[in-house]
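Notes to accompany the following structure.
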Number of protein chains: 6
Amino acid sequence: MHRLLITGAAGGIGRIMRQRLAPLATIVRLSDICDLGEAAPNEELVSCDLGDDKGVHDLVKGCDAIVHLGGMSGEASFAKIMNANIAGCYNLYEAARANGMPRILLASSLHTVGFYRQDEYFDANVPLRPDGLYGVSKCFSEALARMYFDKFGQETAVVRIGSCFEHPRDHRMLASWLSYGDFASLAECVFKAPRLGCPVIWGVSNNDARWWDNSRANFLGWQPRDNAGLHRARIEETVPLPDPQSSSALYQGGPFTEYPIFKED
Amino acid sequence: MHRLLITGAAGGIGRIMRQRLAPLATIVRLSDICDLGEAAPNEELVSCDLGDDKGVHDLVKGCDAIVHLGGMSGEASFAKIMNANIAGCYNLYEAARANGMPRILLASSLHTVGFYRQDEYFDANVPLRPDGLYGVSKCFSEALARMYFDKFGQETAVVRIGSCFEHPRDHRMLASWLSYGDFASLAECVFKAPRLGCPVIWGVSNNDARWWDNSRANFLGWQPRDNAGLHRARIEETVPLPDPQSSSALYQGGPFTEYPIFKED
Amino acid sequence: MHRLLITGAAGGIGRIMRQRLAPLATIVRLSDICDLGEAAPNEELVSCDLGDDKGVHDLVKGCDAIVHLGGMSGEASFAKIMNANIAGCYNLYEAARANGMPRILLASSLHTVGFYRQDEYFDANVPLRPDGLYGVSKCFSEALARMYFDKFGQETAVVRIGSCFEHPRDHRMLASWLSYGDFASLAECVFKAPRLGCPVIWGVSNNDARWWDNSRANFLGWQPRDNAGLHRARIEETVPLPDPQSSSALYQGGPFTEYPIFKED
Amino acid sequence: MHRLLITGAAGGIGRIMRQRLAPLATIVRLSDICDLGEAAPNEELVSCDLGDDKGVHDLVKGCDAIVHLGGMSGEASFAKIMNANIAGCYNLYEAARANGMPRILLASSLHTVGFYRQDEYFDANVPLRPDGLYGVSKCFSEALARMYFDKFGQETAVVRIGSCFEHPRDHRMLASWLSYGDFASLAECVFKAPRLGCPVIWGVSNNDARWWDNSRANFLGWQPRDNAGLHRARIEETVPLPDPQSSSALYQGGPFTEYPIFKED
Amino acid sequence: MHRLLITGAAGGIGRIMRQRLAPLATIVRLSDICDLGEAAPNEELVSCDLGDDKGVHDLVKGCDAIVHLGGMSGEASFAKIMNANIAGCYNLYEAARANGMPRILLASSLHTVGFYRQDEYFDANVPLRPDGLYGVSKCFSEALARMYFDKFGQETAVVRIGSCFEHPRDHRMLASWLSYGDFASLAECVFKAPRLGCPVIWGVSNNDARWWDNSRANFLGWQPRDNAGLHRARIEETVPLPDPQSSSALYQGGPFTEYPIFKED
Amino acid sequence: MHRLLITGAAGGIGRIMRQRLAPLATIVRLSDICDLGEAAPNEELVSCDLGDDKGVHDLVKGCDAIVHLGGMSGEASFAKIMNANIAGCYNLYEAARANGMPRILLASSLHTVGFYRQDEYFDANVPLRPDGLYGVSKCFSEALARMYFDKFGQETAVVRIGSCFEHPRDHRMLASWLSYGDFASLAECVFKAPRLGCPVIWGVSNNDARWWDNSRANFLGWQPRDNAGLHRARIEETVPLPDPQSSSALYQGGPFTEYPIFKED
């Protein structure tokens with residue numbers, strides 16, 4: 001791969017993937033609206049608002065592959081969501097279509113299904129139940145990706161990221177955690193597969209307590225190696241048990257299910 | 001019901017429902033961006049761009065029920081879709097939430113699943129496969145409606161309208177046709193049900209050739225009475241048989257699957 | 001059929017079936033713990049407590065078929081339930097086994113699944129969610145019937161009766177109503193089938209708003225002819241709309257879901 | 001349609017379809033190994049052994065559509081089955097491929113699933129359970145048809161015929177009966193559909209007691225109009241009830257499940 | 001956890017869990033109708049007949065959690081089953097409801113599904129097929145537990161125990177074995193989960209030959225560590241192969257499927 | 001086991017199994033139409049054309065178990081397929097039926113489902129989609145085996161072999177590879193099981209990228225130990241990436257889907 005674009009590269013996951021995915025390409029182009037620090041020798045830094053269609057077209061030009069982490073990564077006002085996640089995602093797909101349709105890894109989210117209970121288990125074909133405007137915007141992105149595949153052949157790996165942190169941080173993440181290493185190995189599988197299509201993949205490690213069945217995505221050969229269960233003892237010792245009737249214990253989306261509609265940011 | 005709001009009342013379906021749904025309420029408030037003609041005694045006419053949040057809030061105020069037909073009802077540029085269908089739908093739900101959460105009948109579309117083949121049969125839980133930006137915007141609306149129900153209790157009947165015309169017009173509509181009468185009786189069931197929840201309902205008549213299973217929505221007691229099959233002989237005589245490899249014969253969405261991305265309108 | 005036994009023949013459904021099922025057999029033996037009135041020429045009346053094993057053995061002797069309506073037909077104290085519905089059902093099956101295993105139509109109930117919501121639709125293989133001790137006792141009976149079939153070949157039609165009255169009485173019964181005529185025709189199908197096995201059948205008329213899929217029981221050839229939907233207008237006019245958050249609007253079991261555990265009767 | 005070929009036209013169903021399907025084409029070419037009587041003005045008669053590949057190629061040449069009823073239509077020795085049903089079916093598909101791939105209605109059989117019990121209900125995706133060599137040969141034909149569709153685009157309607165007679169003749173046929181009229185209307189739907197694909201369709205009338213779900217084939221717009229249930233009273237009066245443990249009461253395939261392997265014919 | 005109650009503590013599994021679960025609570029209260037030996041310092045011993053409602057209320061008072069192993073643990077007369085397993089279970093749930101609804105681990109059994117064949121594979125939503133009165137009583141308990149959860153919020157882990165012994169003892173247990181260690185770790189997961197709900201869990205180790213899919217219970221984070229497959233060589237050497245038509249080879253319930261109805265004990 | 005028959009013993013898999021399965025029986029009888037080399041002390045060599053029914057009867061006589069690898073193992077002319085795979089398989093089953101019904105491991109193939117895409121995941125109940133005449137002949141064999149089981153009780157393990165080589169050879173085999181060791185251990189499980197029935201088993205190792213769910217066959221206790229994923233790096237380095245639109249990347253059957261119908265061999 002010659003040039004890999006990572007959008008949202010200044011964010012929590014972006015900063016990590018900037019390091020981890022570097023071996024996949026000769027050049028890594030990084031974009032964000034926030035400061036990206038200094039460029040390493042193999043890096044190109046681009047400041048870009050995803051809502052700016054011209055900017056996004058320039059950003060995508062010359063790229064062989066895209067990891068799209070950009071946009072609001074949590075609940076926000078509709079104005080922000082509409083600009084960064086809705087118009088932003090449309091801009092990205094139009095730019096990709098105009099530039100040879102590089103393969104896309106699209107960061108979707110568990111918040112597309114956040115209103116399912118934690119004692120429900122399902123695969124990626126389950127009807128969506130988003131837990132806020134952020135989750136709704138990811139439903140939009142998934143639908144857009146599927147349409148670009150069916151209509152134009154644009155390939156996308158839709159990855160519904162659970163909770164991507166260095167370690168699981170609370171009881172809910174014993175189910176939803178995605179380790180950095182497992183995310184990186186998933187990206188590698190996505191970009192190396194002879195044919196990707198447009199699968200929906202749960203971005204979750206091999207946790208004892210996982211809620212999701214990923215067998216439909218077996219064909220990629222991805223095997224997550226980490227297991228939040230190994231952090232269980234620490235969490236049981238250090239994190240207070242959530243109230244059984246609280247959103248943290250009840251819903252896969254946890255506290256997101258309780259957020260109001262943000263009117264201003 | 002005191003006041004029923006019908007958005008998009010100047011459109012093809014809107015003009016019919018303006019007549020047919022009148023008996024359901026004392027006052028029918030009609031809105032559109034296009035000319036609505038003269039108000040009947042039981043009618044209130046409001047000109048409103050759905051993208052205007054203040055206007056939409058005023059529009060919804062005082063209504064007990066909403067039939068939301070407004071927005072772009074076919075493929076259009078992303079700018080128009082984003083304003084009318086995405087921001088417009090958000091504005092409507094926020095307005096409803098601020099005004100007592102009147103029950104909503106939301107016009108979704110078969111174009112949320114337009115890339116399924118015509119020889120596939122399924123119920124409303126099938127994963128979405130929209131056939132264009134219009135279809136994608138309806139996926140957004142459906143996700144938004146579900147989120148407002150799960151989070152706030154706002155009830156919506158999501159109606160995936162097939163092809164709503166006076167009569168079926170071609171071979172594809174032998175499967176997808178929704179008669180005016182059946183749409184009207186569905187609306188009546190939706191507003192009279194003791195509890196609605198947030199079901200997804202195929203807006204299709206009792207056609208011999210229907211592609212969709214509506215039994216999950218049985219609880220509403222809706223029984224479509226019309227059958228496109230009664231129009232089969234006429235269509236076979238007067239409409240040329242589509243090429244078996246054409247989108248009209250292959251996909252549920254028909255020609256929509258072939259439309260390009262409209263850049264300007 | 002020579003002799004048909006109807007237990008619970010003094011109850012609401014029993015009194016009707018006493019008339020309707022008479023043509024199926026030369027002799028109809030009727031039992032109840034309550035007064036059965038006068039015997040018609042083709043009738044034998046037996047007073048019997050189902051908890052009395054000897055009495056039940058005598059009751060069953062010489063019968064070719066059994067419609068088992070006996071026992072508590074609604075919520076009651078555990079003592080009563082245990083005697084009439086649990087020991088009573090065991091006594092009946094042991095008596096049947098000792099007397100040539102006459103075919104049994106077992107009255108089970110929608111209250112085996114009363115905690116499902118009214119907007120859920122399913123077939124008879126759904127996991128049970130009883131709404132009280134009465135419903136739990138019917139779960140026991142169903143399990144017992146299945147075991148006697150698997151172990152001994154005793155055939156039973158397990159009929160989960162919805163709401164069996166002359167007419168539907170409220171909004172919930174628009175879905176759950178079973179007409180007397182449809183029950184009688186079901187019994188006829190059950191006793192005339194060359195082979196019955198041990199099917200679970202929803203005892204529900206052909207209502208527009210039915211919650212249940214009976215296609216697994218098609219092989220019996222039963223076609224319910226009545227439709228609660230024809231009573232909709234009357235009910236909408238005369239019965240107040242239930243609160244959407246009330247058990248009457250929310251759960252298939254309606255108010256049964258709210259009953260306490262009765263400690264005394 | 002210019003020329004319709006009906007193979008097996010001297011058989012039980014063939015003789016009827018010769019009359020009923022005549023309106024579908026200008027010329028009806030009829031073939032059989034048995035005597036076909038005199039040709040009507042619109043008919044061409046061809047004597048042909050399906051095992052003769054050259055003969056079958058000539059037979060198919062010039063035909064726009066094929067109703068393939070030919071071959072052994074019941075249990076027979078493997079030699080006969082292999083010649084007429086296996087080589088015969090291969091010859092037919094090769095001939096069709098060499099002659100413009102006319103649409104084929106392939107007579108398969110309920111005997112592909114004859115070992116399912118009569119109290120089982122399923123759609124056409126169920127795993128096969130043939131009840132003899134005849135049924136196995138039909139499994140071969142179905143697989144061959146599917147392969148020719150996937151590989152070459154040859155369209156086939158695979159019709160699993162239940163029991164096709166003027167009237168149902170016994171208790172089992174109350175479920176499995178296919179009336180002549182319903183078969184003819186199915187053929188009409190098959191040949192008039194804009195696109196056929198390769199669906200598997202249960203060839204069964206709209207019987208109260210049907211075992212099979214045909215909704216996956218809805219798209220053809222076929223609605224069987226007859227109902228074996230209307231013959232129930234006559235059958236219950238005139239046909240002895242089968243023993244509940246006999247193959248006639250137990251299995252969908254009835255007595256076929258008991259046939260030995262025929263070594264000679 | 002302050003006080004954990006283990007009923008049936010003198011039984012085969014009870015004696016082991018008495019040791020293994022001791023670390024979970026400050027005090028372990030043990031009850032049985034049989035002799036419990038001497039109390040360790042952290043133990044309270046209570047002799048109690050589960051059929052005695054007052055006794056059971058006293059037994060439950062002050063407990064934070066319950067492992068309910070009590071009652072008949074194999075086939076028995078209906079009188080004994082009704083007292084210990086049916087009335088006993090009702091008494092336990094009423095006592096729990098009156099005493100703060102401590103979380104319950106309810107020992108159900110593979111004998112609720114004993115009539116499934118050994119070559120069938122399913123999850124916990126499968127319709128029940130008990131293999132005797134014992135199995136039927138467990139169906140009752142499961143239904144009761146579900147009702148107390150739906151109606152009152154009482155949490156229960158319904159554990160369908162396979163074959164819980166130190167080692168697997170025959171070919172059937174290569175599939176059904178539950179090791180002591182895996183049972184203990186399951187109990188720990190059940191009592192430590194932030195929210196339990198009312199899941200049905202297969203009590204089975206991670207056996208190569210397991211018949212049951214436990215993924216619906218993943219959320220508990222339980223990972224059985226033992227595998228009966230490691231005992232395969234020993235069993236193949238030392239245990240005679242069962243006849244392929246015997247209940248031991250045919251049914252999941254093994255010989256239980258053959259037991260008669262015990263009239264006396 | 002006294003005598004194990006391996007047909008097709010001179011073929012690629014046959015030569016390996018000749019060594020690996022030797023420990024399972026006192027005598028291994030090997031047959032092929034090709035040269036089998038020299039017999040080891042425990043071996044009997046038989047030259048046999050599977051299309052010769054007498055020869056096959058002699059071949060099977062005295063055998064306790066059969067591994068049926070014989071017949072065409074890839075695409076061939078219909079004449080060859082019909083003789084070796086269709087008549088040959090019939091001859092084998094008739095011979096087995098006449099000789100005590102020894103248990104059979106039948107080599108079926110992934111080419112029964114070769115037209116599914118590589119991004120589809122399913123279990124063995126999926127409808128068949130063969131990719132050529134070879135695949136169709138295996139569909140015939142599977143149907144025949146099932147019929148002999150349902151009708152006569154003949155047990156067969158239907159093994160749909162993926163790609164059985166020493167190592168995986170290309171990207172597709174990262175999903176479909178079956179190691180020699182895993183095939184041998186499967187055969188051992190098949191012949192040692194107390195009861196086999198007639199399961200369909202995916203013959204595939206424990207590959208990260210496997211397309212198939214084997215859990216329905218768990219009861220055999222087979223655990224494949226190898227994983228093509230360990231060969232991924234080597235294949236990615238040494239084998240060119242297939243074109244994403246080529247059959248090698250698109251279909252499970254790979255190039256088989258493109259083969260023509262072979263008219264001569």
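Residue numbering restarts at 1 for every chain of the structure tokens, chains are lettered A, B, ... in their displayed order, and ligands are numbered from 1 as they appear.
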message: Using only C-alpha atoms, which protein or nucleic acid residues come within 12 Å of A:Phe183? Drop anything in the same chain fewer than 3 positions from it, and give the result as a ChimeraX atom specification.
response: /A:13-14,16-17,20-21,67,105,107,159-166,177-180,186-190,201-206,222-226
For F:Arg3, find every residue with an atom within 12 Å (counting only C-alpha atoms), except residues of its own chain fewer than 3 positions away, and show them as a list in words. Ile6, Leu21, Ala22, Pro23, Leu24, Ala25, Thr26, Ile27, Val28, Arg29, Leu30, Asn42, Glu43, Glu44, Leu59, Val60, Lys61, Gly62, Cys63, Asp64, Ala65, Ile66, Val67, Pro102 and Arg103 of chain F
Write out as a list of chain:residue names which residues come within 8 Å of D:Asn214 when counting only C-alpha atoms, dropping same-chain ones fewer than 2 positions away.
-> D:Asp123, D:Ala124, D:Ile201, D:Trp202, D:Trp212, D:Arg216, D:Ala217, D:Asn218
Just-selected residues, N, CA, C and O atoms written as a PDB file, in the first residue's frame:
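Full text of out39.pdb as output:
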ATOM      1  N   ASP D 123     -40.471 -24.131   4.813  1.00  0.00           N
ATOM      2  CA  ASP D 123     -40.406 -23.530   3.481  1.00  0.00           C
ATOM      3  C   ASP D 123     -39.416 -24.306   2.618  1.00  0.00           C
ATOM      4  O   ASP D 123     -38.874 -25.337   3.041  1.00  0.00           O
ATOM      5  N   ALA D 124     -39.180 -23.816   1.415  1.00  0.00           N
ATOM      6  CA  ALA D 124     -38.429 -24.605   0.439  1.00  0.00           C
ATOM      7  C   ALA D 124     -36.940 -24.682   0.724  1.00  0.00           C
ATOM      8  O   ALA D 124     -36.221 -25.396   0.026  1.00  0.00           O
ATOM      9  N   ILE D 201     -40.511 -23.890  -5.674  1.00  0.00           N
ATOM     10  CA  ILE D 201     -41.905 -23.558  -5.381  1.00  0.00           C
ATOM     11  C   ILE D 201     -42.639 -24.833  -4.980  1.00  0.00           C
ATOM     12  O   ILE D 201     -42.495 -25.868  -5.636  1.00  0.00           O
ATOM     13  N   TRP D 202     -43.390 -24.771  -3.929  1.00  0.00           N
ATOM     14  CA  TRP D 202     -44.228 -25.907  -3.555  1.00  0.00           C
ATOM     15  C   TRP D 202     -45.429 -25.955  -4.489  1.00  0.00           C
ATOM     16  O   TRP D 202     -46.217 -24.996  -4.541  1.00  0.00           O
ATOM     17  N   TRP D 212     -46.605 -26.598   3.782  1.00  0.00           N
ATOM     18  CA  TRP D 212     -45.477 -25.878   3.193  1.00  0.00           C
ATOM     19  C   TRP D 212     -45.768 -24.396   3.051  1.00  0.00           C
ATOM     20  O   TRP D 212     -46.872 -23.983   2.706  1.00  0.00           O
ATOM     21  N   ARG D 216     -41.757 -17.375  -0.066  1.00  0.00           N
ATOM     22  CA  ARG D 216     -40.567 -16.973  -0.831  1.00  0.00           C
ATOM     23  C   ARG D 216     -40.841 -16.879  -2.331  1.00  0.00           C
ATOM     24  O   ARG D 216     -40.050 -16.289  -3.065  1.00  0.00           O
ATOM     25  N   ALA D 217     -41.901 -17.523  -2.802  1.00  0.00           N
ATOM     26  CA  ALA D 217     -42.207 -17.477  -4.235  1.00  0.00           C
ATOM     27  C   ALA D 217     -43.321 -16.485  -4.558  1.00  0.00           C
ATOM     28  O   ALA D 217     -43.798 -16.427  -5.696  1.00  0.00           O
ATOM     29  N   ASN D 218     -43.714 -15.704  -3.560  1.00  0.00           N
ATOM     30  CA  ASN D 218     -44.759 -14.689  -3.785  1.00  0.00           C
ATOM     31  C   ASN D 218     -44.513 -13.836  -5.017  1.00  0.00           C
ATOM     32  O   ASN D 218     -45.460 -13.420  -5.691  1.00  0.00           O
TER      33      ASN D 218
END
- Query: If you run DSSP on this backbone, which residues of stretch 42-248 of chain C come out as strand (DSSP E or B), and could you give them as JSON, numbers by chain?
  - Reply: {"C": [43, 44, 45, 46, 47, 65, 66, 67, 68, 103, 104, 105, 106, 107, 108, 109, 117, 122, 123, 156, 157, 158, 159, 160, 161, 163, 164, 177, 178, 200, 201, 202, 203, 212, 213]}
With a distance threshold of 6 Å and counting only C-alpha atoms, extract the residues of chain F near chain D and express them as a PDB file with all heavy atoms, in the first residue's frame.
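Saved as iface19.pdb:
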ATOM      1  N   ASN F 125     -27.042 -26.846   6.998  1.00  0.00           N
ATOM      2  CA  ASN F 125     -28.433 -26.905   6.532  1.00  0.00           C
ATOM      3  C   ASN F 125     -28.733 -25.944   5.384  1.00  0.00           C
ATOM      4  O   ASN F 125     -29.883 -25.841   4.946  1.00  0.00           O
ATOM      5  CB  ASN F 125     -29.389 -26.598   7.697  1.00  0.00           C
ATOM      6  CG  ASN F 125     -29.579 -27.806   8.577  1.00  0.00           C
ATOM      7  OD1 ASN F 125     -29.105 -28.892   8.271  1.00  0.00           O
ATOM      8  ND2 ASN F 125     -30.271 -27.625   9.695  1.00  0.00           N
ATOM      9  N   PRO F 127     -29.272 -24.336   1.783  1.00  0.00           N
ATOM     10  CA  PRO F 127     -29.613 -24.937   0.494  1.00  0.00           C
ATOM     11  C   PRO F 127     -28.372 -25.091  -0.396  1.00  0.00           C
ATOM     12  O   PRO F 127     -27.467 -24.254  -0.349  1.00  0.00           O
ATOM     13  CB  PRO F 127     -30.591 -23.918  -0.119  1.00  0.00           C
ATOM     14  CG  PRO F 127     -31.180 -23.194   1.044  1.00  0.00           C
ATOM     15  CD  PRO F 127     -30.067 -23.131   2.061  1.00  0.00           C
ATOM     16  N   PRO F 130     -24.348 -26.137  -6.012  1.00  0.00           N
ATOM     17  CA  PRO F 130     -23.150 -26.780  -6.575  1.00  0.00           C
ATOM     18  C   PRO F 130     -22.568 -25.942  -7.702  1.00  0.00           C
ATOM     19  O   PRO F 130     -23.270 -25.160  -8.344  1.00  0.00           O
ATOM     20  CB  PRO F 130     -23.683 -28.110  -7.082  1.00  0.00           C
ATOM     21  CG  PRO F 130     -25.124 -27.884  -7.340  1.00  0.00           C
ATOM     22  CD  PRO F 130     -25.567 -26.912  -6.280  1.00  0.00           C
ATOM     23  N   ASP F 131     -21.256 -26.142  -7.951  1.00  0.00           N
ATOM     24  CA  ASP F 131     -20.573 -25.294  -8.938  1.00  0.00           C
ATOM     25  C   ASP F 131     -20.185 -26.042 -10.211  1.00  0.00           C
ATOM     26  O   ASP F 131     -19.436 -25.499 -11.029  1.00  0.00           O
ATOM     27  CB  ASP F 131     -19.349 -24.621  -8.303  1.00  0.00           C
ATOM     28  CG  ASP F 131     -18.376 -25.608  -7.685  1.00  0.00           C
ATOM     29  OD1 ASP F 131     -18.370 -26.785  -8.077  1.00  0.00           O
ATOM     30  OD2 ASP F 131     -17.606 -25.190  -6.794  1.00  0.00           O
ATOM     31  N   VAL F 136     -22.709 -31.389  -8.407  1.00  0.00           N
ATOM     32  CA  VAL F 136     -24.062 -31.939  -8.513  1.00  0.00           C
ATOM     33  C   VAL F 136     -24.064 -33.420  -8.142  1.00  0.00           C
ATOM     34  O   VAL F 136     -24.974 -33.904  -7.454  1.00  0.00           O
ATOM     35  CB  VAL F 136     -24.628 -31.730  -9.933  1.00  0.00           C
ATOM     36  CG1 VAL F 136     -25.921 -32.504 -10.133  1.00  0.00           C
ATOM     37  CG2 VAL F 136     -24.857 -30.238 -10.193  1.00  0.00           C
ATOM     38  N   PHE F 140     -26.220 -35.464  -5.230  1.00  0.00           N
ATOM     39  CA  PHE F 140     -26.884 -36.754  -5.390  1.00  0.00           C
ATOM     40  C   PHE F 140     -26.467 -37.715  -4.271  1.00  0.00           C
ATOM     41  O   PHE F 140     -27.311 -38.350  -3.628  1.00  0.00           O
ATOM     42  CB  PHE F 140     -26.534 -37.349  -6.766  1.00  0.00           C
ATOM     43  CG  PHE F 140     -26.952 -38.782  -6.937  1.00  0.00           C
ATOM     44  CD1 PHE F 140     -28.218 -39.111  -7.410  1.00  0.00           C
ATOM     45  CD2 PHE F 140     -26.078 -39.825  -6.614  1.00  0.00           C
ATOM     46  CE1 PHE F 140     -28.609 -40.440  -7.544  1.00  0.00           C
ATOM     47  CE2 PHE F 140     -26.464 -41.154  -6.744  1.00  0.00           C
ATOM     48  CZ  PHE F 140     -27.734 -41.455  -7.210  1.00  0.00           C
ATOM     49  N   ALA F 143     -28.015 -36.917  -0.914  1.00  0.00           N
ATOM     50  CA  ALA F 143     -29.439 -37.253  -0.872  1.00  0.00           C
ATOM     51  C   ALA F 143     -29.611 -38.768  -0.748  1.00  0.00           C
ATOM     52  O   ALA F 143     -30.473 -39.252   0.001  1.00  0.00           O
ATOM     53  CB  ALA F 143     -30.140 -36.725  -2.121  1.00  0.00           C
ATOM     54  N   LEU F 144     -28.771 -39.506  -1.458  1.00  0.00           N
ATOM     55  CA  LEU F 144     -28.845 -40.970  -1.394  1.00  0.00           C
ATOM     56  C   LEU F 144     -28.523 -41.461   0.024  1.00  0.00           C
ATOM     57  O   LEU F 144     -29.223 -42.317   0.575  1.00  0.00           O
ATOM     58  CB  LEU F 144     -27.864 -41.568  -2.404  1.00  0.00           C
ATOM     59  CG  LEU F 144     -28.026 -43.064  -2.657  1.00  0.00           C
ATOM     60  CD1 LEU F 144     -29.207 -43.311  -3.601  1.00  0.00           C
ATOM     61  CD2 LEU F 144     -26.764 -43.667  -3.250  1.00  0.00           C
ATOM     62  N   MET F 147     -31.369 -40.828   2.353  1.00  0.00           N
ATOM     63  CA  MET F 147     -32.489 -41.747   2.101  1.00  0.00           C
ATOM     64  C   MET F 147     -32.197 -43.127   2.678  1.00  0.00           C
ATOM     65  O   MET F 147     -33.067 -43.733   3.303  1.00  0.00           O
ATOM     66  CB  MET F 147     -32.777 -41.812   0.603  1.00  0.00           C
ATOM     67  CG  MET F 147     -34.017 -42.592   0.241  1.00  0.00           C
ATOM     68  SD  MET F 147     -33.646 -44.359  -0.100  1.00  0.00           S
ATOM     69  CE  MET F 147     -32.951 -44.232  -1.754  1.00  0.00           C
TER      70      MET F 147
END
Record the distance separating atom CA of E:Phe219 and atom CA of A:Tyr121, expressed in Å with one decimal.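 These two atoms are separated by 8.0 Å.
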* Contacts of A:Lys192 at 9 Å (only C-alpha atoms; same-chain gap of 6+ positions) as a list in words ->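 Answer for this query is Leu220 of chain A; Glu236 and Leu241 of chain F.
Across the model, the gap from atom CA of E:Asp53 to atom CA of C:Gly88 is 21.4 Å.
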